[in-house]
Amino acid sequence: MFFEFDGKLKIKADEAMLDCAHRFATIDSITEFNQQKVLAAFIKNGVSESHFAGSTGYGYDDRGRDTLEQVFADCVGAEASIFRHNFVSGTHTLTVALFGILRPGDTMLCLTGRPYDTLIGVLGIDGHVDGSLKDFGVNYEQADLCFDGTVDYDAIEKKLRSKHYAVAYIQRSRGYSLRPSLTVAEIGKMAKLVKSTSPDTIVMVDNCYGEFVEREEPLEVGADIMAGSLIKNPGGGIARTGGYIAGKKDLVDKCGYRLTAPGVGLEVGATLGMTRELYMGLFSAPHVVGEALKTAVFTAALFKNLGYGVSPEVYEKRADIIQTVKIGSPEGLIAFCRGLQSGSPVDSFAAPEPGDMPGYTSQVIMAAGAFTLGASIELSADAPLRDPYAVWMQGGINFHSAKVGIMLAAQKMLDEGVLKL
């Protein structure tokens with residue numbers, strides 16, 4: 001009607017929708033649970049119009065800011081939280097948390113192998129980076145994953161028994177790898193292992209892309225602290241920037257001293273009129289995450305029907321909003337991203353090109369016609385141009401629009417001759 005698709009592709013899409021029906025019902029059930037949880041937190045904390053007023057200067061006594069942080073803490077099972085626009089990205093938020101809880105001479109152990117590309121410089125893993133944790137005398141070690149990408153619990157236990165680690169770090173999402181993302185239950189199992197072996201070790205979770213995907217959050221199964229980005233799940237596609245840190249109050253306070261200044265902490269921080277959209281984004285987050293999950297499941301079903309390897313599979317339990325499609329060639333990656341871009345509400349006319357990106361070790365191609373620049377809760381895709389030439393797709397603030405974007409990605413691959421029907 002409004003978009004032209006190959007007839008055979010439309011049949012494949014219809015078949016994919018039938019394959020999705022059961023998973024969509026499960027997603028709706030989780031969405032309803034999480035939406036009620038968020039609504040209950042708003043009601044419990046007496047959110048009112050007066051909380052939306054912005055502050056300036058130092059931001060002392062900003063009721064809206066403080067109440068919002070308690071609302072979010074209640075949503076995720078935390079004692080306290082920081083939920084602010086002051087964070088510039090998920091990587092910045094994680095950095096504030098790590099610098100907040102680690103001290104010179106400490107050692108951090110990553111339980112999930114090599115972390116996401118943009119954290120490499122923060123940790124100082126691949127050589128000297130001015131201002132990295134390594135530069136401040138913080139050491140880094142990792143427990144590698146099993147050959148199939150799953151967590152190696154034996155290796156973790158062996159590491160924990162060999163020495164004391166200040167922080168056990170868990171990356172929930174797969175990053176630019178094909179390993180499975182971690183469910184809350186798996187995170188709970190890891191946290192239990194850490195606490196039984198080394199009770200004083202802090203369990204920290206990079207929860208990016210995972211918020212509101214399941215009924216529970218990592219803090220409810222034993223994690224001490226977690227962090228993420230507001231232009232991913234918890235901002236609901238409304239927050240224009242920001243991040244969050246949530247967990248035990250003493251740890252959150254330490255992070256607050258790193259965000260602002262020692263001795264000052266979370267008492268300051270002007271909201272500059274952004275509070276209303278942060279409240280709105282959090283309230284909308286469970287529903288928007290559900291739409292993104294439906295988009296991911298449809299993508300898996302369609303591209304599986306088209307003959308491509310996908311991860312997760314349609315029937316698999318979801319731990320985050322990311323869907324991987326193994327395209328197999330750089331030409332295919334470029335066509336997929338250009339097709340997706342053409343179905344975006346913003347910058348649909350743009351033609352993505354691979355390029356160097358700060359913090360990434362390979363050239364990356366990205367498609368994101370988003371209302372908020374870089375918001376991966378909106379339909380987007382990115383891929384490093386390296387083996388196995390897979391694309392990582394995420395987001396979709398409403399499924400029916402995102403479905404068109406996914407089909408246009410397939411159509412572009414068909415037009416470019418990298419997909420045969």
# chains A, B, ... in the order shown; residues from 1 in each chain; ligands from 1
>>> closest_atom_pairs(of="stretch 63-117 of chain A", to="stretch 376-400 of chain A", cutoff="12 Å", atoms="only C-alpha atoms", output="Markdown table")
| residue | atom | partner | partner_atom | distance |
| --- | --- | --- | --- | --- |
| A:Ser89 | CA | A:Ser376 | CA | 11.3 |
| A:Gly90 | CA | A:Ser376 | CA | 11.0 |
| A:Asp117 | CA | A:Pro384 | CA | 10.5 |
>>> select_by_dssp(residues="stretch 50-208 of chain A", states="alpha helix (DSSP H)", output="number ranges by chain")
A: 63-76, 90-101, 120-123, 153-162, 184-197
>>> select_by_dssp(residues="stretch 237-357 of chain A", states="strand (DSSP E or B)", output="ChimeraX atom specification")
/A:243-247,309-311,323-326,355
>>> closest_atom_pairs(of="stretch 70-92 of chain A", to="stretch 277-299 of chain A", cutoff="10 Å", atoms="only C-alpha atoms", output="CSV")
residue,atom,partner,partner_atom,distance
A:Val71,CA,A:Tyr279,CA,9.1
A:Phe72,CA,A:Leu282,CA,7.8
A:Cys75,CA,A:Leu282,CA,9.5
A:Phe83,CA,A:Leu278,CA,8.4
A:Arg84,CA,A:Leu278,CA,8.0
A:His85,CA,A:Leu278,CA,8.2
>>> residues_around(residues="stretch 101-108 of chain A", least_positions_apart="6", cutoff="9 Å", atoms="only C-alpha atoms", output="ChimeraX atom specification")
/A:133-134,136-142,164-169,202,251-252,254-255
>>> closest_residue(among="A:Gly124, A:Gly235, A:Gly57, A:Gly100", to="A:Ala261", atoms="only C-alpha atoms")
A:Gly100
>>> residues_around(residues="A:Val404", least_positions_apart="2", cutoff="9 Å", atoms="only C-alpha atoms", output="list in words")
Phe3, Leu340, Gly343, Ser344, Phe399, His400, Ser401, Ala402, Ile406, Met407, Leu408 and Ala409 of chain A
>>> atom_distance(atom1="atom CA of A:Asp19", atom2="atom CA of A:Ala301")
6.6 Å
>>> atom_distance(atom1="atom CA of A:Ala351", atom2="atom CA of A:Lys412")
11.7 Å
>>> residues_around(residues="A:Thr361", least_positions_apart="3", cutoff="12 Å", atoms="only C-alpha atoms", output="list of chain:residue names")
A:Tyr116, A:Asp117, A:Thr118, A:Leu119, A:Ile120, A:Gly121, A:Asp126, A:Tyr176, A:Gly355, A:Asp356, A:Met357, A:Pro358, A:Val364, A:Ala383, A:Pro384, A:Leu385, A:Arg386
